[in-house]
Structure formats: C-alpha cells, structure tokens
file model-v6.tsv (TSV, N, CA and C atoms)
chain	number	residue	atom	x	y	z
A	272	MET	N	148.20	-51.97	29.60
A	272	MET	CA	148.60	-51.68	28.23
A	272	MET	C	149.94	-50.94	28.25
A	273	THR	N	150.89	-51.36	27.42
A	273	THR	CA	152.19	-50.71	27.38
A	273	THR	C	152.12	-49.47	26.48
A	274	ASN	N	153.22	-48.71	26.48
A	274	ASN	CA	153.26	-47.50	25.65
A	274	ASN	C	153.12	-47.83	24.18
A	275	ASP	N	153.72	-48.94	23.72
A	275	ASP	CA	153.60	-49.32	22.31
A	275	ASP	C	152.14	-49.60	21.96
A	276	GLU	N	151.43	-50.25	22.86
A	276	GLU	CA	150.03	-50.57	22.61
A	276	GLU	C	149.17	-49.32	22.59
A	277	ASN	N	149.55	-48.30	23.34
A	277	ASN	CA	148.81	-47.05	23.35
A	277	ASN	C	148.97	-46.27	22.05
A	278	ASN	N	149.99	-46.60	21.27
A	278	ASN	CA	150.22	-45.91	20.01
A	278	ASN	C	149.25	-46.33	18.92
A	279	TYR	N	148.57	-47.44	19.12
A	279	TYR	CA	147.62	-47.93	18.13
A	279	TYR	C	146.23	-47.36	18.39
A	280	PRO	N	145.49	-47.06	17.33
A	280	PRO	CA	144.11	-46.57	17.53
A	280	PRO	C	143.21	-47.69	18.03
A	281	PRO	N	142.05	-47.35	18.60
A	281	PRO	CA	141.13	-48.37	19.12
A	281	PRO	C	140.62	-49.33	18.05
A	282	VAL	N	140.57	-48.86	16.81
A	282	VAL	CA	140.15	-49.71	15.69
A	282	VAL	C	141.33	-49.83	14.74
A	283	LEU	N	141.79	-51.06	14.53
A	283	LEU	CA	142.96	-51.31	13.70
A	283	LEU	C	142.58	-51.60	12.26
A	284	LEU	N	143.24	-50.93	11.34
A	284	LEU	CA	143.14	-51.26	9.92
A	284	LEU	C	144.23	-52.28	9.61
A	285	ILE	N	144.24	-52.77	8.40
A	285	ILE	CA	145.18	-53.84	8.06
A	285	ILE	C	146.64	-53.39	8.20
A	286	GLU	N	146.92	-52.12	7.94
A	286	GLU	CA	148.28	-51.61	8.09
A	286	GLU	C	148.72	-51.67	9.55
A	287	HIS	N	147.79	-51.36	10.46
A	287	HIS	CA	148.10	-51.45	11.89
A	287	HIS	C	148.30	-52.90	12.31
A	288	MET	N	147.46	-53.79	11.77
A	288	MET	CA	147.60	-55.21	12.09
A	288	MET	C	148.98	-55.72	11.65
A	289	ALA	N	149.44	-55.25	10.51
A	289	ALA	CA	150.77	-55.64	10.02
A	289	ALA	C	151.85	-55.23	11.02
A	290	GLN	N	151.70	-54.05	11.60
A	290	GLN	CA	152.66	-53.57	12.60
A	290	GLN	C	152.57	-54.39	13.88
A	291	VAL	N	151.35	-54.61	14.35
A	291	VAL	CA	151.15	-55.35	15.60
A	291	VAL	C	151.68	-56.77	15.48
A	292	LEU	N	151.40	-57.42	14.35
A	292	LEU	CA	151.76	-58.82	14.16
A	292	LEU	C	153.14	-59.00	13.54
A	293	ASN	N	153.77	-57.89	13.14
A	293	ASN	CA	155.08	-57.92	12.52
A	293	ASN	C	155.11	-58.83	11.29
A	294	MET	N	154.13	-58.63	10.43
A	294	MET	CA	154.08	-59.36	9.16
A	294	MET	C	153.57	-58.42	8.08
A	295	SER	N	153.75	-58.81	6.85
A	295	SER	CA	153.34	-57.95	5.74
A	295	SER	C	151.81	-58.00	5.56
A	296	VAL	N	151.30	-56.97	4.90
A	296	VAL	CA	149.87	-56.91	4.58
A	296	VAL	C	149.50	-58.10	3.69
A	297	ARG	N	150.38	-58.45	2.79
A	297	ARG	CA	150.11	-59.59	1.90
A	297	ARG	C	149.97	-60.89	2.69
A	298	THR	N	150.85	-61.10	3.66
A	298	THR	CA	150.76	-62.30	4.49
A	298	THR	C	149.48	-62.30	5.32
A	299	ILE	N	149.12	-61.14	5.84
A	299	ILE	CA	147.87	-61.05	6.61
A	299	ILE	C	146.69	-61.41	5.72
A	300	ASN	N	146.66	-60.90	4.50
A	300	ASN	CA	145.55	-61.23	3.60
A	300	ASN	C	145.48	-62.72	3.32
A	301	LYS	N	146.62	-63.36	3.15
A	301	LYS	CA	146.63	-64.81	2.94
A	301	LYS	C	146.09	-65.54	4.17
A	302	ARG	N	146.53	-65.13	5.34
A	302	ARG	CA	146.09	-65.78	6.58
A	302	ARG	C	144.61	-65.53	6.86
A	303	ARG	N	144.13	-64.34	6.53
A	303	ARG	CA	142.71	-64.02	6.74
A	303	ARG	C	141.80	-64.98	5.99
A	304	HIS	N	142.24	-65.42	4.85
A	304	HIS	CA	141.42	-66.29	4.02
A	304	HIS	C	141.62	-67.77	4.34
A	305	SER	N	142.48	-68.04	5.31
A	305	SER	CA	142.65	-69.42	5.76
A	305	SER	C	141.77	-69.65	6.98
A	306	LYS	N	141.70	-70.87	7.42
A	306	LYS	CA	140.90	-71.16	8.61
A	306	LYS	C	141.70	-70.99	9.89
A	307	GLN	N	142.90	-70.48	9.79
A	307	GLN	CA	143.76	-70.32	10.94
A	307	GLN	C	143.89	-68.86	11.41
A	308	TRP	N	143.02	-68.00	10.98
A	308	TRP	CA	143.08	-66.58	11.36
A	308	TRP	C	142.33	-66.39	12.68
A	309	PRO	N	143.00	-66.05	13.76
A	309	PRO	CA	142.37	-66.03	15.08
A	309	PRO	C	141.67	-64.72	15.45
A	310	PHE	N	141.64	-63.74	14.58
A	310	PHE	CA	141.10	-62.43	14.93
A	310	PHE	C	139.77	-62.18	14.23
A	311	THR	N	138.78	-61.79	15.00
A	311	THR	CA	137.45	-61.51	14.49
A	311	THR	C	137.38	-60.08	13.98
A	312	GLU	N	136.92	-59.93	12.75
A	312	GLU	CA	136.78	-58.59	12.18
A	312	GLU	C	135.55	-57.89	12.75
A	313	LEU	N	135.65	-56.57	12.84
A	313	LEU	CA	134.51	-55.76	13.20
A	313	LEU	C	133.61	-55.61	11.97
A	314	PRO	N	132.34	-55.26	12.18
A	314	PRO	CA	131.48	-55.01	11.02
A	314	PRO	C	132.08	-53.91	10.14
A	315	ARG	N	131.95	-54.08	8.86
A	315	ARG	CA	132.57	-53.14	7.92
A	315	ARG	C	131.71	-51.91	7.71
A	316	LEU	N	132.40	-50.77	7.61
A	316	LEU	CA	131.74	-49.51	7.26
A	316	LEU	C	131.95	-49.22	5.78
A	317	ASP	N	133.01	-49.76	5.24
A	317	ASP	CA	133.32	-49.66	3.82
A	317	ASP	C	134.02	-50.96	3.45
A	318	ARG	N	134.87	-50.96	2.49
A	318	ARG	CA	135.52	-52.22	2.07
A	318	ARG	C	136.72	-52.60	2.91
A	319	LYS	N	137.12	-51.76	3.85
A	319	LYS	CA	138.32	-52.01	4.64
A	319	LYS	C	138.02	-52.91	5.85
A	320	PRO	N	138.82	-53.96	6.02
A	320	PRO	CA	138.64	-54.79	7.21
A	320	PRO	C	139.16	-54.03	8.44
A	321	ARG	N	138.51	-54.25	9.57
A	321	ARG	CA	138.86	-53.57	10.81
A	321	ARG	C	138.82	-54.58	11.96
A	322	TRP	N	139.67	-54.33	12.96
A	322	TRP	CA	139.71	-55.17	14.15
A	322	TRP	C	139.77	-54.29	15.39
A	323	SER	N	139.26	-54.80	16.48
A	323	SER	CA	139.34	-54.11	17.76
A	323	SER	C	140.75	-54.27	18.33
A	324	ARG	N	141.39	-53.16	18.63
A	324	ARG	CA	142.73	-53.21	19.22
A	324	ARG	C	142.74	-54.04	20.49
A	325	ASP	N	141.78	-53.80	21.35
A	325	ASP	CA	141.74	-54.50	22.63
A	325	ASP	C	141.57	-56.00	22.46
A	326	GLN	N	140.74	-56.41	21.51
A	326	GLN	CA	140.52	-57.84	21.26
A	326	GLN	C	141.78	-58.47	20.68
A	327	VAL	N	142.43	-57.79	19.76
A	327	VAL	CA	143.65	-58.32	19.15
A	327	VAL	C	144.74	-58.47	20.20
A	328	LEU	N	144.93	-57.46	21.03
A	328	LEU	CA	145.95	-57.53	22.06
A	328	LEU	C	145.63	-58.59	23.10
A	329	ALA	N	144.35	-58.79	23.40
A	329	ALA	CA	143.94	-59.83	24.35
A	329	ALA	C	144.26	-61.22	23.79
A	330	VAL	N	143.99	-61.43	22.50
A	330	VAL	CA	144.32	-62.72	21.88
A	330	VAL	C	145.82	-62.94	21.92
A	331	LEU	N	146.59	-61.92	21.59
A	331	LEU	CA	148.05	-62.05	21.59
A	331	LEU	C	148.60	-62.31	22.99
A	332	ALA	N	147.95	-61.75	23.99
A	332	ALA	CA	148.39	-61.94	25.38
A	332	ALA	C	147.87	-63.24	25.97
A	333	GLY	N	147.02	-63.93	25.23
A	333	GLY	CA	146.48	-65.19	25.71
A	333	GLY	C	145.32	-65.02	26.66
A	334	GLN	N	144.77	-63.81	26.75
A	334	GLN	CA	143.66	-63.53	27.65
A	334	GLN	C	142.31	-63.77	27.01
A	335	ALA	N	142.27	-63.85	25.70
A	335	ALA	CA	141.01	-64.11	25.00
A	335	ALA	C	141.21	-65.34	24.12
A	336	ARG	N	140.17	-66.07	23.96
A	336	ARG	CA	140.25	-67.27	23.13
A	336	ARG	C	140.14	-66.88	21.66
A	337	PRO	N	141.14	-67.26	20.86
A	337	PRO	CA	141.08	-66.91	19.43
A	337	PRO	C	140.00	-67.70	18.72
A	338	ARG	N	139.42	-67.08	17.72
A	338	ARG	CA	138.42	-67.74	16.88
A	338	ARG	C	139.13	-68.29	15.67
A	339	LEU	N	139.16	-69.59	15.53
A	339	LEU	CA	139.89	-70.21	14.43
A	339	LEU	C	138.97	-70.62	13.30
A	340	SER	N	138.28	-69.66	12.77
A	340	SER	CA	137.47	-69.91	11.59
A	340	SER	C	137.60	-68.72	10.66
A	341	LYS	N	137.16	-68.92	9.44
A	341	LYS	CA	137.29	-67.87	8.43
A	341	LYS	C	136.51	-66.64	8.82
A	342	SER	N	137.16	-65.49	8.77
A	342	SER	CA	136.47	-64.24	9.09
A	342	SER	C	135.69	-63.76	7.88
A	343	ALA	N	134.77	-62.84	8.14
A	343	ALA	CA	133.88	-62.33	7.09
A	343	ALA	C	134.67	-61.71	6.06

call {"tool": "encode", "arguments": {"input": "model-v6.tsv", "output": "structure tokens"}}
result
Amino acid sequence: MTNDENNYPPVLLIEHMAQVLNMSVRTINKRRHSKQWPFTELPRLDRKPRWSRDQVLAVLAGQARPRLSKSA
C-alpha cells in the first residue's frame, strides 16, 4: 500500500470514493445505479453507502475480480 492509500480510512464513504476514483459524487451515484459499477458495497449501518478500502484498491490494481452488477 502506498502513502496515498494509507491516507484513506478502512471504510470508504462516497466522498472518499470520489477522491480514490477521481470523479464527482454525482458521477459515482450515476455509475452505482448502472450495471457497470464494479465495487461491492458493505452492509449499511445507516443510509450512507460504504465500501472496503482494501477491496476497492484491489479491484483498481487488478488483483480482485470486479463485480459487474447493480449494488444494493
């Protein structure tokens, strides 16, 4: 894990995902509702979507197989 990756918390909120993916929150919301969103959401504790930092970085690095179906 690089220093930039260490700056992110273990559980990413949508604002963190926007930083990691270098896209706006609005674009992320559009992609989440398409069938092309490769990141699996964690179970929700409230209304905020969450993702595992390690899983997201693994997908981006090509080490994990992305899930190409609509997330919860």

call {"tool": "select_by_dssp", "arguments": {"input": "model-v6.tsv", "residues": "chain A", "states": "helix (DSSP H, G or I)", "output": "compact mmCIF listing (two decimals) with N, CA and C atoms, in the frame of the given file"}}
result
# COMPACT_ATOMS: atom_id res chain seq x y z
N ASN A 274 153.22 -48.71 26.48
CA ASN A 274 153.26 -47.50 25.65
C ASN A 274 153.12 -47.83 24.18
N ASP A 275 153.72 -48.94 23.72
CA ASP A 275 153.60 -49.32 22.31
C ASP A 275 152.14 -49.60 21.96
N GLU A 276 151.43 -50.25 22.86
CA GLU A 276 150.03 -50.57 22.61
C GLU A 276 149.17 -49.32 22.59
N ASN A 277 149.55 -48.30 23.34
CA ASN A 277 148.81 -47.05 23.35
C ASN A 277 148.97 -46.27 22.05
N ILE A 285 144.24 -52.77 8.40
CA ILE A 285 145.18 -53.84 8.06
C ILE A 285 146.64 -53.39 8.20
N GLU A 286 146.92 -52.12 7.94
CA GLU A 286 148.28 -51.61 8.09
C GLU A 286 148.72 -51.67 9.55
N HIS A 287 147.79 -51.36 10.46
CA HIS A 287 148.10 -51.45 11.89
C HIS A 287 148.30 -52.90 12.31
N MET A 288 147.46 -53.79 11.77
CA MET A 288 147.60 -55.21 12.09
C MET A 288 148.98 -55.72 11.65
N ALA A 289 149.44 -55.25 10.51
CA ALA A 289 150.77 -55.64 10.02
C ALA A 289 151.85 -55.23 11.02
N GLN A 290 151.70 -54.05 11.60
CA GLN A 290 152.66 -53.57 12.60
C GLN A 290 152.57 -54.39 13.88
N VAL A 291 151.35 -54.61 14.35
CA VAL A 291 151.15 -55.35 15.60
C VAL A 291 151.68 -56.77 15.48
N LEU A 292 151.40 -57.42 14.35
CA LEU A 292 151.76 -58.82 14.16
C LEU A 292 153.14 -59.00 13.54
N VAL A 296 151.30 -56.97 4.90
CA VAL A 296 149.87 -56.91 4.58
C VAL A 296 149.50 -58.10 3.69
N ARG A 297 150.38 -58.45 2.79
CA ARG A 297 150.11 -59.59 1.90
C ARG A 297 149.97 -60.89 2.69
N THR A 298 150.85 -61.10 3.66
CA THR A 298 150.76 -62.30 4.49
C THR A 298 149.48 -62.30 5.32
N ILE A 299 149.12 -61.14 5.84
CA ILE A 299 147.87 -61.05 6.61
C ILE A 299 146.69 -61.41 5.72
N ASN A 300 146.66 -60.90 4.50
CA ASN A 300 145.55 -61.23 3.60
C ASN A 300 145.48 -62.72 3.32
N LYS A 301 146.62 -63.36 3.15
CA LYS A 301 146.63 -64.81 2.94
C LYS A 301 146.09 -65.54 4.17
N ARG A 302 146.53 -65.13 5.34
CA ARG A 302 146.09 -65.78 6.58
C ARG A 302 144.61 -65.53 6.86
N ARG A 303 144.13 -64.34 6.53
CA ARG A 303 142.71 -64.02 6.74
C ARG A 303 141.80 -64.98 5.99
N ARG A 324 141.39 -53.16 18.63
CA ARG A 324 142.73 -53.21 19.22
C ARG A 324 142.74 -54.04 20.49
N ASP A 325 141.78 -53.80 21.35
CA ASP A 325 141.74 -54.50 22.63
C ASP A 325 141.57 -56.00 22.46
N GLN A 326 140.74 -56.41 21.51
CA GLN A 326 140.52 -57.84 21.26
C GLN A 326 141.78 -58.47 20.68
N VAL A 327 142.43 -57.79 19.76
CA VAL A 327 143.65 -58.32 19.15
C VAL A 327 144.74 -58.47 20.20
N LEU A 328 144.93 -57.46 21.03
CA LEU A 328 145.95 -57.53 22.06
C LEU A 328 145.63 -58.59 23.10
N ALA A 329 144.35 -58.79 23.40
CA ALA A 329 143.94 -59.83 24.35
C ALA A 329 144.26 -61.22 23.79
N VAL A 330 143.99 -61.43 22.50
CA VAL A 330 144.32 -62.72 21.88
C VAL A 330 145.82 -62.94 21.92
N LEU A 331 146.59 -61.92 21.59
CA LEU A 331 148.05 -62.05 21.59
C LEU A 331 148.60 -62.31 22.99
N ALA A 332 147.95 -61.75 23.99
CA ALA A 332 148.39 -61.94 25.38
C ALA A 332 147.87 -63.24 25.97

call {"tool": "atom_distance", "arguments": {"input": "model-v6.tsv", "atom1": "atom CA of Asp325 of chain A", "atom2": "atom CA of Gln290 of chain A"}}
result
14.9 Å

call {"tool": "atom_distance", "arguments": {"input": "model-v6.tsv", "atom1": "atom N of Trp322 of chain A", "atom2": "atom CA of Lys301 of chain A"}}
result
16.1 Å

call {"tool": "atom_distance", "arguments": {"input": "model-v6.tsv", "atom1": "atom CA of Asn277 of chain A", "atom2": "atom CA of Lys319 of chain A"}}
result
22.0 Å

call {"tool": "select_by_dssp", "arguments": {"input": "model-v6.tsv", "residues": "chain A", "states": "strand (DSSP E)", "output": "number ranges by chain"}}
result
A: 282-283, 322-323

call {"tool": "closest_atom_pairs", "arguments": {"input": "model-v6.tsv", "of": "segment 283-315 of chain A", "to": "segment 331-336 of chain A", "cutoff": "12 Å", "atoms": "only C-alpha atoms", "output": "Markdown table"}}
result
| residue | atom | partner | partner_atom | distance |
| --- | --- | --- | --- | --- |
| A:Met288 | CA | A:Leu331 | CA | 11.7 |
| A:Val291 | CA | A:Leu331 | CA | 9.5 |
| A:Leu292 | CA | A:Leu331 | CA | 8.9 |
| A:Pro309 | CA | A:Arg336 | CA | 8.4 |
| A:Phe310 | CA | A:Arg336 | CA | 9.6 |
| A:Thr311 | CA | A:Arg336 | CA | 10.8 |

call {"tool": "decode", "arguments": {"input": "model-v6.tsv", "residues": "segment 282-328 of chain A", "atoms": "N, CA and C atoms", "output": "PDB file, in the first residue's frame"}}
result
ATOM      1  N   VAL A 282     -12.840   2.018   5.825  1.00  0.00           N
ATOM      2  CA  VAL A 282     -14.182   2.007   5.242  1.00  0.00           C
ATOM      3  C   VAL A 282     -14.377   3.337   4.521  1.00  0.00           C
ATOM      4  N   LEU A 283     -14.616   3.264   3.214  1.00  0.00           N
ATOM      5  CA  LEU A 283     -14.739   4.465   2.394  1.00  0.00           C
ATOM      6  C   LEU A 283     -16.192   4.897   2.259  1.00  0.00           C
ATOM      7  N   LEU A 284     -16.438   6.165   2.492  1.00  0.00           N
ATOM      8  CA  LEU A 284     -17.736   6.764   2.190  1.00  0.00           C
ATOM      9  C   LEU A 284     -17.676   7.290   0.759  1.00  0.00           C
ATOM     10  N   ILE A 285     -18.777   7.783   0.262  1.00  0.00           N
ATOM     11  CA  ILE A 285     -18.836   8.200  -1.142  1.00  0.00           C
ATOM     12  C   ILE A 285     -17.854   9.341  -1.442  1.00  0.00           C
ATOM     13  N   GLU A 286     -17.616  10.208  -0.478  1.00  0.00           N
ATOM     14  CA  GLU A 286     -16.659  11.299  -0.678  1.00  0.00           C
ATOM     15  C   GLU A 286     -15.252  10.752  -0.879  1.00  0.00           C
ATOM     16  N   HIS A 287     -14.906   9.708  -0.120  1.00  0.00           N
ATOM     17  CA  HIS A 287     -13.596   9.071  -0.283  1.00  0.00           C
ATOM     18  C   HIS A 287     -13.505   8.365  -1.632  1.00  0.00           C
ATOM     19  N   MET A 288     -14.594   7.708  -2.034  1.00  0.00           N
ATOM     20  CA  MET A 288     -14.607   7.033  -3.329  1.00  0.00           C
ATOM     21  C   MET A 288     -14.377   8.041  -4.449  1.00  0.00           C
ATOM     22  N   ALA A 289     -14.962   9.224  -4.315  1.00  0.00           N
ATOM     23  CA  ALA A 289     -14.770  10.271  -5.321  1.00  0.00           C
ATOM     24  C   ALA A 289     -13.291  10.637  -5.430  1.00  0.00           C
ATOM     25  N   GLN A 290     -12.601  10.695  -4.302  1.00  0.00           N
ATOM     26  CA  GLN A 290     -11.168  11.003  -4.309  1.00  0.00           C
ATOM     27  C   GLN A 290     -10.367   9.863  -4.923  1.00  0.00           C
ATOM     28  N   VAL A 291     -10.666   8.638  -4.507  1.00  0.00           N
ATOM     29  CA  VAL A 291      -9.926   7.476  -4.996  1.00  0.00           C
ATOM     30  C   VAL A 291     -10.100   7.326  -6.505  1.00  0.00           C
ATOM     31  N   LEU A 292     -11.322   7.503  -6.986  1.00  0.00           N
ATOM     32  CA  LEU A 292     -11.635   7.283  -8.396  1.00  0.00           C
ATOM     33  C   LEU A 292     -11.474   8.539  -9.247  1.00  0.00           C
ATOM     34  N   ASN A 293     -11.204   9.669  -8.597  1.00  0.00           N
ATOM     35  CA  ASN A 293     -11.035  10.941  -9.282  1.00  0.00           C
ATOM     36  C   ASN A 293     -12.257  11.279 -10.145  1.00  0.00           C
ATOM     37  N   MET A 294     -13.417  11.166  -9.535  1.00  0.00           N
ATOM     38  CA  MET A 294     -14.661  11.548 -10.203  1.00  0.00           C
ATOM     39  C   MET A 294     -15.582  12.197  -9.183  1.00  0.00           C
ATOM     40  N   SER A 295     -16.600  12.864  -9.672  1.00  0.00           N
ATOM     41  CA  SER A 295     -17.510  13.563  -8.769  1.00  0.00           C
ATOM     42  C   SER A 295     -18.460  12.573  -8.084  1.00  0.00           C
ATOM     43  N   VAL A 296     -19.014  13.020  -6.969  1.00  0.00           N
ATOM     44  CA  VAL A 296     -20.001  12.215  -6.241  1.00  0.00           C
ATOM     45  C   VAL A 296     -21.214  11.964  -7.138  1.00  0.00           C
ATOM     46  N   ARG A 297     -21.588  12.951  -7.912  1.00  0.00           N
ATOM     47  CA  ARG A 297     -22.731  12.797  -8.817  1.00  0.00           C
ATOM     48  C   ARG A 297     -22.474  11.703  -9.854  1.00  0.00           C
ATOM     49  N   THR A 298     -21.274  11.681 -10.419  1.00  0.00           N
ATOM     50  CA  THR A 298     -20.926  10.645 -11.391  1.00  0.00           C
ATOM     51  C   THR A 298     -20.915   9.268 -10.735  1.00  0.00           C
ATOM     52  N   ILE A 299     -20.395   9.199  -9.527  1.00  0.00           N
ATOM     53  CA  ILE A 299     -20.388   7.917  -8.805  1.00  0.00           C
ATOM     54  C   ILE A 299     -21.816   7.433  -8.595  1.00  0.00           C
ATOM     55  N   ASN A 300     -22.704   8.320  -8.192  1.00  0.00           N
ATOM     56  CA  ASN A 300     -24.104   7.917  -7.983  1.00  0.00           C
ATOM     57  C   ASN A 300     -24.733   7.401  -9.267  1.00  0.00           C
ATOM     58  N   LYS A 301     -24.432   8.039 -10.385  1.00  0.00           N
ATOM     59  CA  LYS A 301     -24.949   7.560 -11.672  1.00  0.00           C
ATOM     60  C   LYS A 301     -24.397   6.175 -11.990  1.00  0.00           C
ATOM     61  N   ARG A 302     -23.111   5.981 -11.787  1.00  0.00           N
ATOM     62  CA  ARG A 302     -22.484   4.692 -12.089  1.00  0.00           C
ATOM     63  C   ARG A 302     -22.962   3.593 -11.148  1.00  0.00           C
ATOM     64  N   ARG A 303     -23.195   3.938  -9.890  1.00  0.00           N
ATOM     65  CA  ARG A 303     -23.676   2.949  -8.914  1.00  0.00           C
ATOM     66  C   ARG A 303     -24.992   2.334  -9.350  1.00  0.00           C
ATOM     67  N   HIS A 304     -25.814   3.114 -10.001  1.00  0.00           N
ATOM     68  CA  HIS A 304     -27.129   2.640 -10.403  1.00  0.00           C
ATOM     69  C   HIS A 304     -27.121   1.983 -11.778  1.00  0.00           C
ATOM     70  N   SER A 305     -25.946   1.927 -12.388  1.00  0.00           N
ATOM     71  CA  SER A 305     -25.827   1.215 -13.664  1.00  0.00           C
ATOM     72  C   SER A 305     -25.336  -0.200 -13.381  1.00  0.00           C
ATOM     73  N   LYS A 306     -25.311  -1.015 -14.393  1.00  0.00           N
ATOM     74  CA  LYS A 306     -24.823  -2.379 -14.215  1.00  0.00           C
ATOM     75  C   LYS A 306     -23.318  -2.474 -14.391  1.00  0.00           C
ATOM     76  N   GLN A 307     -22.655  -1.354 -14.529  1.00  0.00           N
ATOM     77  CA  GLN A 307     -21.221  -1.334 -14.750  1.00  0.00           C
ATOM     78  C   GLN A 307     -20.420  -0.905 -13.513  1.00  0.00           C
ATOM     79  N   TRP A 308     -21.010  -0.912 -12.360  1.00  0.00           N
ATOM     80  CA  TRP A 308     -20.317  -0.495 -11.130  1.00  0.00           C
ATOM     81  C   TRP A 308     -19.583  -1.698 -10.552  1.00  0.00           C
ATOM     82  N   PRO A 309     -18.266  -1.699 -10.520  1.00  0.00           N
ATOM     83  CA  PRO A 309     -17.508  -2.892 -10.138  1.00  0.00           C
ATOM     84  C   PRO A 309     -17.241  -3.053  -8.644  1.00  0.00           C
ATOM     85  N   PHE A 310     -17.737  -2.166  -7.814  1.00  0.00           N
ATOM     86  CA  PHE A 310     -17.410  -2.196  -6.392  1.00  0.00           C
ATOM     87  C   PHE A 310     -18.608  -2.633  -5.558  1.00  0.00           C
ATOM     88  N   THR A 311     -18.392  -3.612  -4.705  1.00  0.00           N
ATOM     89  CA  THR A 311     -19.438  -4.147  -3.843  1.00  0.00           C
ATOM     90  C   THR A 311     -19.546  -3.301  -2.582  1.00  0.00           C
ATOM     91  N   GLU A 312     -20.755  -2.867  -2.279  1.00  0.00           N
ATOM     92  CA  GLU A 312     -20.964  -2.082  -1.063  1.00  0.00           C
ATOM     93  C   GLU A 312     -20.962  -2.983   0.161  1.00  0.00           C
ATOM     94  N   LEU A 313     -20.523  -2.407   1.267  1.00  0.00           N
ATOM     95  CA  LEU A 313     -20.618  -3.082   2.550  1.00  0.00           C
ATOM     96  C   LEU A 313     -22.054  -2.954   3.056  1.00  0.00           C
ATOM     97  N   PRO A 314     -22.455  -3.822   3.982  1.00  0.00           N
ATOM     98  CA  PRO A 314     -23.795  -3.666   4.570  1.00  0.00           C
ATOM     99  C   PRO A 314     -23.933  -2.282   5.203  1.00  0.00           C
ATOM    100  N   ARG A 315     -25.095  -1.710   5.052  1.00  0.00           N
ATOM    101  CA  ARG A 315     -25.313  -0.347   5.538  1.00  0.00           C
ATOM    102  C   ARG A 315     -25.629  -0.323   7.027  1.00  0.00           C
ATOM    103  N   LEU A 316     -25.078   0.698   7.686  1.00  0.00           N
ATOM    104  CA  LEU A 316     -25.397   0.963   9.086  1.00  0.00           C
ATOM    105  C   LEU A 316     -26.433   2.078   9.177  1.00  0.00           C
ATOM    106  N   ASP A 317     -26.459   2.904   8.171  1.00  0.00           N
ATOM    107  CA  ASP A 317     -27.439   3.976   8.046  1.00  0.00           C
ATOM    108  C   ASP A 317     -27.693   4.141   6.548  1.00  0.00           C
ATOM    109  N   ARG A 318     -28.044   5.288   6.097  1.00  0.00           N
ATOM    110  CA  ARG A 318     -28.360   5.465   4.670  1.00  0.00           C
ATOM    111  C   ARG A 318     -27.138   5.670   3.793  1.00  0.00           C
ATOM    112  N   LYS A 319     -25.957   5.773   4.377  1.00  0.00           N
ATOM    113  CA  LYS A 319     -24.748   6.066   3.609  1.00  0.00           C
ATOM    114  C   LYS A 319     -24.130   4.792   3.027  1.00  0.00           C
ATOM    115  N   PRO A 320     -23.834   4.815   1.727  1.00  0.00           N
ATOM    116  CA  PRO A 320     -23.145   3.663   1.143  1.00  0.00           C
ATOM    117  C   PRO A 320     -21.685   3.645   1.609  1.00  0.00           C
ATOM    118  N   ARG A 321     -21.156   2.447   1.783  1.00  0.00           N
ATOM    119  CA  ARG A 321     -19.788   2.272   2.259  1.00  0.00           C
ATOM    120  C   ARG A 321     -19.114   1.170   1.449  1.00  0.00           C
ATOM    121  N   TRP A 322     -17.789   1.302   1.304  1.00  0.00           N
ATOM    122  CA  TRP A 322     -17.003   0.297   0.606  1.00  0.00           C
ATOM    123  C   TRP A 322     -15.740   0.000   1.398  1.00  0.00           C
ATOM    124  N   SER A 323     -15.233  -1.197   1.249  1.00  0.00           N
ATOM    125  CA  SER A 323     -13.975  -1.583   1.871  1.00  0.00           C
ATOM    126  C   SER A 323     -12.819  -0.982   1.076  1.00  0.00           C
ATOM    127  N   ARG A 324     -11.967  -0.237   1.746  1.00  0.00           N
ATOM    128  CA  ARG A 324     -10.797   0.359   1.089  1.00  0.00           C
ATOM    129  C   ARG A 324      -9.957  -0.706   0.416  1.00  0.00           C
ATOM    130  N   ASP A 325      -9.692  -1.786   1.123  1.00  0.00           N
ATOM    131  CA  ASP A 325      -8.829  -2.832   0.586  1.00  0.00           C
ATOM    132  C   ASP A 325      -9.430  -3.485  -0.655  1.00  0.00           C
ATOM    133  N   GLN A 326     -10.738  -3.697  -0.652  1.00  0.00           N
ATOM    134  CA  GLN A 326     -11.398  -4.305  -1.808  1.00  0.00           C
ATOM    135  C   GLN A 326     -11.379  -3.349  -2.995  1.00  0.00           C
ATOM    136  N   VAL A 327     -11.632  -2.074  -2.753  1.00  0.00           N
ATOM    137  CA  VAL A 327     -11.627  -1.085  -3.829  1.00  0.00           C
ATOM    138  C   VAL A 327     -10.237  -0.981  -4.442  1.00  0.00           C
ATOM    139  N   LEU A 328      -9.212  -0.900  -3.607  1.00  0.00           N
ATOM    140  CA  LEU A 328      -7.854  -0.794  -4.122  1.00  0.00           C
ATOM    141  C   LEU A 328      -7.425  -2.062  -4.846  1.00  0.00           C
TER     142      LEU A 328
END
